[in-house]
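Visitor: What follows is the file target23.cif, containing mmCIF, N, CA and C atoms:
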data_coords
loop_
_atom_site.label_atom_id
_atom_site.label_comp_id
_atom_site.auth_asym_id
_atom_site.auth_seq_id
_atom_site.Cartn_x
_atom_site.Cartn_y
_atom_site.Cartn_z
N MET A 120 32.96 -38.50 6.97
CA MET A 120 32.02 -37.41 7.09
C MET A 120 30.88 -37.63 6.11
N LYS A 121 29.65 -37.49 6.57
CA LYS A 121 28.48 -37.70 5.73
C LYS A 121 27.75 -36.38 5.55
N ILE A 122 27.40 -36.07 4.31
CA ILE A 122 26.69 -34.83 4.01
C ILE A 122 25.29 -35.19 3.55
N ASN A 123 24.29 -34.66 4.24
CA ASN A 123 22.89 -34.89 3.88
C ASN A 123 22.29 -33.65 3.25
N ASP A 124 21.32 -33.84 2.38
CA ASP A 124 20.57 -32.75 1.76
C ASP A 124 21.49 -31.73 1.09
N SER A 125 22.26 -32.19 0.16
CA SER A 125 23.15 -31.27 -0.54
C SER A 125 22.33 -30.25 -1.29
N GLN A 126 22.75 -29.04 -1.26
CA GLN A 126 22.13 -27.89 -1.91
C GLN A 126 20.72 -27.63 -1.40
N ARG A 127 20.39 -28.12 -0.23
CA ARG A 127 19.14 -27.82 0.47
C ARG A 127 17.88 -28.20 -0.30
N ILE A 128 17.98 -29.13 -1.24
CA ILE A 128 16.79 -29.56 -2.00
C ILE A 128 15.83 -30.30 -1.08
N GLY A 129 16.36 -31.05 -0.16
CA GLY A 129 15.51 -31.80 0.76
C GLY A 129 14.62 -30.90 1.59
N ALA A 130 15.14 -29.76 2.01
CA ALA A 130 14.34 -28.82 2.80
C ALA A 130 13.18 -28.27 1.97
N TYR A 131 13.42 -28.01 0.72
CA TYR A 131 12.35 -27.50 -0.14
C TYR A 131 11.26 -28.55 -0.32
N ARG A 132 11.68 -29.78 -0.54
CA ARG A 132 10.69 -30.85 -0.72
C ARG A 132 9.84 -31.01 0.53
N THR A 133 10.46 -30.95 1.68
CA THR A 133 9.72 -31.08 2.93
C THR A 133 8.72 -29.95 3.08
N TYR A 134 9.13 -28.73 2.78
CA TYR A 134 8.22 -27.59 2.85
C TYR A 134 7.05 -27.77 1.90
N GLN A 135 7.34 -28.19 0.67
CA GLN A 135 6.30 -28.35 -0.34
C GLN A 135 5.31 -29.45 0.08
N GLN A 136 5.81 -30.54 0.63
CA GLN A 136 4.93 -31.62 1.06
C GLN A 136 4.05 -31.18 2.22
N ASN A 137 4.63 -30.47 3.18
CA ASN A 137 3.83 -29.98 4.31
C ASN A 137 2.77 -28.98 3.86
N ASN A 138 3.14 -28.12 2.94
CA ASN A 138 2.21 -27.12 2.43
C ASN A 138 1.07 -27.79 1.68
N ASP A 139 1.37 -28.76 0.84
CA ASP A 139 0.32 -29.47 0.10
C ASP A 139 -0.61 -30.21 1.06
N ALA A 140 -0.05 -30.85 2.07
CA ALA A 140 -0.87 -31.58 3.02
C ALA A 140 -1.80 -30.63 3.78
N ARG A 141 -1.26 -29.47 4.17
CA ARG A 141 -2.06 -28.49 4.91
C ARG A 141 -3.23 -27.97 4.07
N THR A 142 -2.98 -27.66 2.81
CA THR A 142 -4.05 -27.13 1.97
C THR A 142 -5.08 -28.20 1.64
N ASN A 143 -4.66 -29.42 1.49
CA ASN A 143 -5.61 -30.50 1.20
C ASN A 143 -6.48 -30.81 2.41
N GLN A 144 -5.93 -30.70 3.60
CA GLN A 144 -6.72 -30.96 4.81
C GLN A 144 -7.72 -29.85 5.08
N ALA A 145 -7.34 -28.62 4.80
CA ALA A 145 -8.18 -27.48 5.15
C ALA A 145 -9.45 -27.43 4.32
N SER A 146 -9.34 -27.59 3.03
CA SER A 146 -10.52 -27.40 2.22
C SER A 146 -10.73 -28.48 1.17
N GLY A 147 -9.81 -29.36 1.04
CA GLY A 147 -9.94 -30.36 0.01
C GLY A 147 -9.46 -29.85 -1.34
N LYS A 148 -9.43 -28.56 -1.51
CA LYS A 148 -8.97 -27.92 -2.74
C LYS A 148 -8.03 -26.80 -2.36
N ARG A 149 -7.29 -26.35 -3.32
CA ARG A 149 -6.44 -25.19 -3.08
C ARG A 149 -7.29 -23.93 -3.18
N ARG A 150 -7.07 -23.03 -2.23
CA ARG A 150 -7.80 -21.77 -2.27
C ARG A 150 -7.10 -20.80 -3.19
N LYS A 151 -7.87 -19.96 -3.79
CA LYS A 151 -7.31 -18.92 -4.65
C LYS A 151 -6.92 -17.72 -3.79
N ASP A 152 -5.92 -17.00 -4.24
CA ASP A 152 -5.49 -15.80 -3.53
C ASP A 152 -6.55 -14.71 -3.69
N GLU A 153 -6.69 -13.91 -2.66
CA GLU A 153 -7.65 -12.81 -2.69
C GLU A 153 -6.93 -11.52 -2.32
N VAL A 154 -7.39 -10.43 -2.89
CA VAL A 154 -6.86 -9.12 -2.58
C VAL A 154 -8.02 -8.22 -2.19
N GLN A 155 -7.86 -7.51 -1.07
CA GLN A 155 -8.87 -6.57 -0.64
C GLN A 155 -8.20 -5.21 -0.44
N PHE A 156 -8.81 -4.18 -0.98
CA PHE A 156 -8.28 -2.83 -0.84
C PHE A 156 -9.02 -2.12 0.27
N SER A 157 -8.29 -1.40 1.08
CA SER A 157 -8.89 -0.67 2.19
C SER A 157 -9.63 0.56 1.67
N ALA A 158 -10.43 1.13 2.52
CA ALA A 158 -11.17 2.34 2.15
C ALA A 158 -10.20 3.49 1.88
N GLU A 159 -9.11 3.54 2.64
CA GLU A 159 -8.11 4.60 2.44
C GLU A 159 -7.46 4.47 1.06
N ALA A 160 -7.18 3.23 0.66
CA ALA A 160 -6.56 3.02 -0.65
C ALA A 160 -7.51 3.44 -1.77
N MET A 161 -8.79 3.15 -1.60
CA MET A 161 -9.77 3.53 -2.62
C MET A 161 -9.90 5.06 -2.67
N GLU A 162 -9.81 5.71 -1.51
CA GLU A 162 -9.88 7.17 -1.47
C GLU A 162 -8.68 7.79 -2.18
N LEU A 163 -7.50 7.22 -1.96
CA LEU A 163 -6.30 7.71 -2.64
C LEU A 163 -6.39 7.51 -4.14
N LEU A 164 -6.95 6.39 -4.55
CA LEU A 164 -7.12 6.13 -5.98
C LEU A 164 -8.07 7.14 -6.59
N GLY A 165 -9.16 7.46 -5.89
CA GLY A 165 -10.10 8.46 -6.39
C GLY A 165 -9.46 9.84 -6.48
N ALA A 166 -8.63 10.18 -5.50
CA ALA A 166 -7.94 11.47 -5.53
C ALA A 166 -6.96 11.54 -6.70
N GLN A 167 -6.29 10.43 -6.95
CA GLN A 167 -5.35 10.40 -8.06
C GLN A 167 -6.08 10.56 -9.40
N ARG A 168 -7.22 9.94 -9.51
CA ARG A 168 -8.00 10.07 -10.74
C ARG A 168 -8.51 11.50 -10.92
N ALA A 169 -8.89 12.14 -9.82
CA ALA A 169 -9.38 13.52 -9.89
C ALA A 169 -8.28 14.45 -10.38
N ILE A 170 -7.06 14.19 -9.97
CA ILE A 170 -5.93 15.03 -10.39
C ILE A 170 -5.70 14.88 -11.88
N THR A 171 -5.75 13.66 -12.37
CA THR A 171 -5.47 13.45 -13.80
C THR A 171 -6.60 13.94 -14.68
N GLU A 172 -7.83 13.97 -14.15
CA GLU A 172 -8.97 14.38 -14.95
C GLU A 172 -9.18 15.90 -14.95
N ASP A 173 -8.71 16.59 -13.92
CA ASP A 173 -8.93 18.02 -13.79
C ASP A 173 -7.61 18.77 -13.99
N PRO A 174 -7.42 19.39 -15.16
CA PRO A 174 -6.15 20.07 -15.41
C PRO A 174 -5.93 21.30 -14.53
N ASN A 175 -7.01 21.99 -14.13
CA ASN A 175 -6.87 23.15 -13.24
C ASN A 175 -6.29 22.74 -11.89
N ARG A 176 -6.75 21.61 -11.39
CA ARG A 176 -6.24 21.12 -10.11
C ARG A 176 -4.75 20.78 -10.22
N ALA A 177 -4.37 20.16 -11.31
CA ALA A 177 -2.97 19.81 -11.52
C ALA A 177 -2.11 21.06 -11.60
N GLN A 178 -2.61 22.11 -12.26
CA GLN A 178 -1.86 23.36 -12.35
C GLN A 178 -1.73 24.01 -10.97
N ARG A 179 -2.79 23.96 -10.16
CA ARG A 179 -2.76 24.54 -8.81
C ARG A 179 -1.74 23.80 -7.95
N ILE A 180 -1.72 22.50 -8.04
CA ILE A 180 -0.76 21.71 -7.26
C ILE A 180 0.66 22.02 -7.68
N GLU A 181 0.88 22.15 -8.97
CA GLU A 181 2.21 22.47 -9.48
C GLU A 181 2.66 23.87 -9.00
N SER A 182 1.74 24.84 -9.01
CA SER A 182 2.10 26.18 -8.54
C SER A 182 2.41 26.17 -7.05
N LEU A 183 1.66 25.37 -6.26
CA LEU A 183 1.95 25.26 -4.83
C LEU A 183 3.32 24.62 -4.60
N LYS A 184 3.65 23.62 -5.38
CA LYS A 184 4.97 22.99 -5.26
C LYS A 184 6.07 24.00 -5.54
N ASN A 185 5.86 24.81 -6.56
CA ASN A 185 6.88 25.82 -6.91
C ASN A 185 7.02 26.85 -5.80
N GLU A 186 5.90 27.29 -5.22
CA GLU A 186 5.94 28.27 -4.14
C GLU A 186 6.67 27.71 -2.92
N VAL A 187 6.39 26.46 -2.59
CA VAL A 187 7.03 25.84 -1.43
C VAL A 187 8.53 25.69 -1.66
N SER A 188 8.90 25.22 -2.85
CA SER A 188 10.32 25.01 -3.13
C SER A 188 11.10 26.32 -3.19
N SER A 189 10.46 27.40 -3.63
CA SER A 189 11.16 28.68 -3.71
C SER A 189 11.11 29.45 -2.39
N GLY A 190 10.25 29.02 -1.46
CA GLY A 190 10.17 29.67 -0.16
C GLY A 190 9.21 30.84 -0.12
N THR A 191 8.37 31.01 -1.13
CA THR A 191 7.44 32.13 -1.16
C THR A 191 6.05 31.77 -0.64
N TYR A 192 5.82 30.51 -0.31
CA TYR A 192 4.51 30.07 0.19
C TYR A 192 4.35 30.52 1.64
N THR A 193 3.22 31.16 1.94
CA THR A 193 2.94 31.59 3.30
C THR A 193 1.67 30.92 3.80
N VAL A 194 1.65 30.68 5.09
CA VAL A 194 0.52 30.02 5.73
C VAL A 194 -0.22 31.04 6.58
N ASP A 195 -1.55 31.09 6.43
CA ASP A 195 -2.37 31.98 7.25
C ASP A 195 -2.53 31.33 8.62
N ALA A 196 -2.01 31.97 9.65
CA ALA A 196 -2.00 31.42 11.00
C ALA A 196 -3.41 31.20 11.54
N GLU A 197 -4.34 32.09 11.23
CA GLU A 197 -5.72 31.94 11.71
C GLU A 197 -6.38 30.70 11.13
N LYS A 198 -6.24 30.50 9.84
CA LYS A 198 -6.84 29.32 9.21
C LYS A 198 -6.23 28.03 9.75
N LEU A 199 -4.92 28.06 9.95
CA LEU A 199 -4.24 26.90 10.51
C LEU A 199 -4.75 26.58 11.90
N ALA A 200 -4.91 27.61 12.73
CA ALA A 200 -5.40 27.42 14.09
C ALA A 200 -6.83 26.89 14.08
N GLU A 201 -7.68 27.39 13.18
CA GLU A 201 -9.06 26.92 13.09
C GLU A 201 -9.10 25.45 12.72
N LYS A 202 -8.22 25.02 11.84
CA LYS A 202 -8.21 23.61 11.41
C LYS A 202 -7.65 22.69 12.50
N LEU A 203 -6.70 23.18 13.31
CA LEU A 203 -6.09 22.37 14.35
C LEU A 203 -6.92 22.33 15.63
N LEU A 204 -7.74 23.32 15.86
CA LEU A 204 -8.50 23.43 17.11
C LEU A 204 -9.33 22.18 17.43
N PRO A 205 -10.07 21.59 16.50
CA PRO A 205 -10.84 20.39 16.87
C PRO A 205 -9.99 19.22 17.34
N PHE A 206 -8.75 19.14 16.88
CA PHE A 206 -7.90 18.03 17.28
C PHE A 206 -7.26 18.25 18.65
N VAL A 207 -7.16 19.51 19.08
CA VAL A 207 -6.54 19.83 20.35
C VAL A 207 -7.52 19.68 21.49
N GLN A 208 -8.79 19.97 21.25
CA GLN A 208 -9.79 19.94 22.31
C GLN A 208 -10.11 18.55 22.75
#
Would it be possible to restate this file's structure as structure tokens?
Guide:
Amino acid sequence: MKINDSQRIGAYRTYQQNNDARTNQASGKRRKDEVQFSAEAMELLGAQRAITEDPNRAQRIESLKNEVSSGTYTVDAEKLAEKLLPFVQ
């Protein structure tokens, strides 16, 4: 019985060689990794910064959380309907 590529080192070498060949053919140099943030991510980051910078907003959010968890938060049906109407039409 013959065992080839013990501990799968051969497979790693093959992958590394193919990857190096592919990057050298494509551009002659290795490309650097790039990160791009979506507009939604930037909006969320701005909202998070606004919360940390405005203590009144943080207190309002905390009070809303407490009302929801205790079951005392009520929703105005008219306001809810006005906000949902454009999406239904």
Visitor: So how many Å separate atom CA of A:Ala169 and atom CA of A:Lys184, to one decimal?
Guide: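 Atom-to-atom, atom CA of A:Ala169 and atom CA of A:Lys184 are spaced 17.8 Å apart.
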Visitor: Using atom N of A:Val194 and atom N of A:Arg179 as the two end points, give the distance in Å to one decimal.
Guide: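 A separation of 17.2 Å between them.
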Visitor: Run DSSP on the backbone and tell me which residues of stretch 163-199 of chain A come out as helix (DSSP H, G or I); list them as a PyMOL selection string.
Guide: chain A and resi 163-172+174-189+196-199
Visitor: Measure the distance from atom C of A:Gly165 to atom CA of A:Leu203 in Å and round it to one decimal.
Guide: 24.5 Å
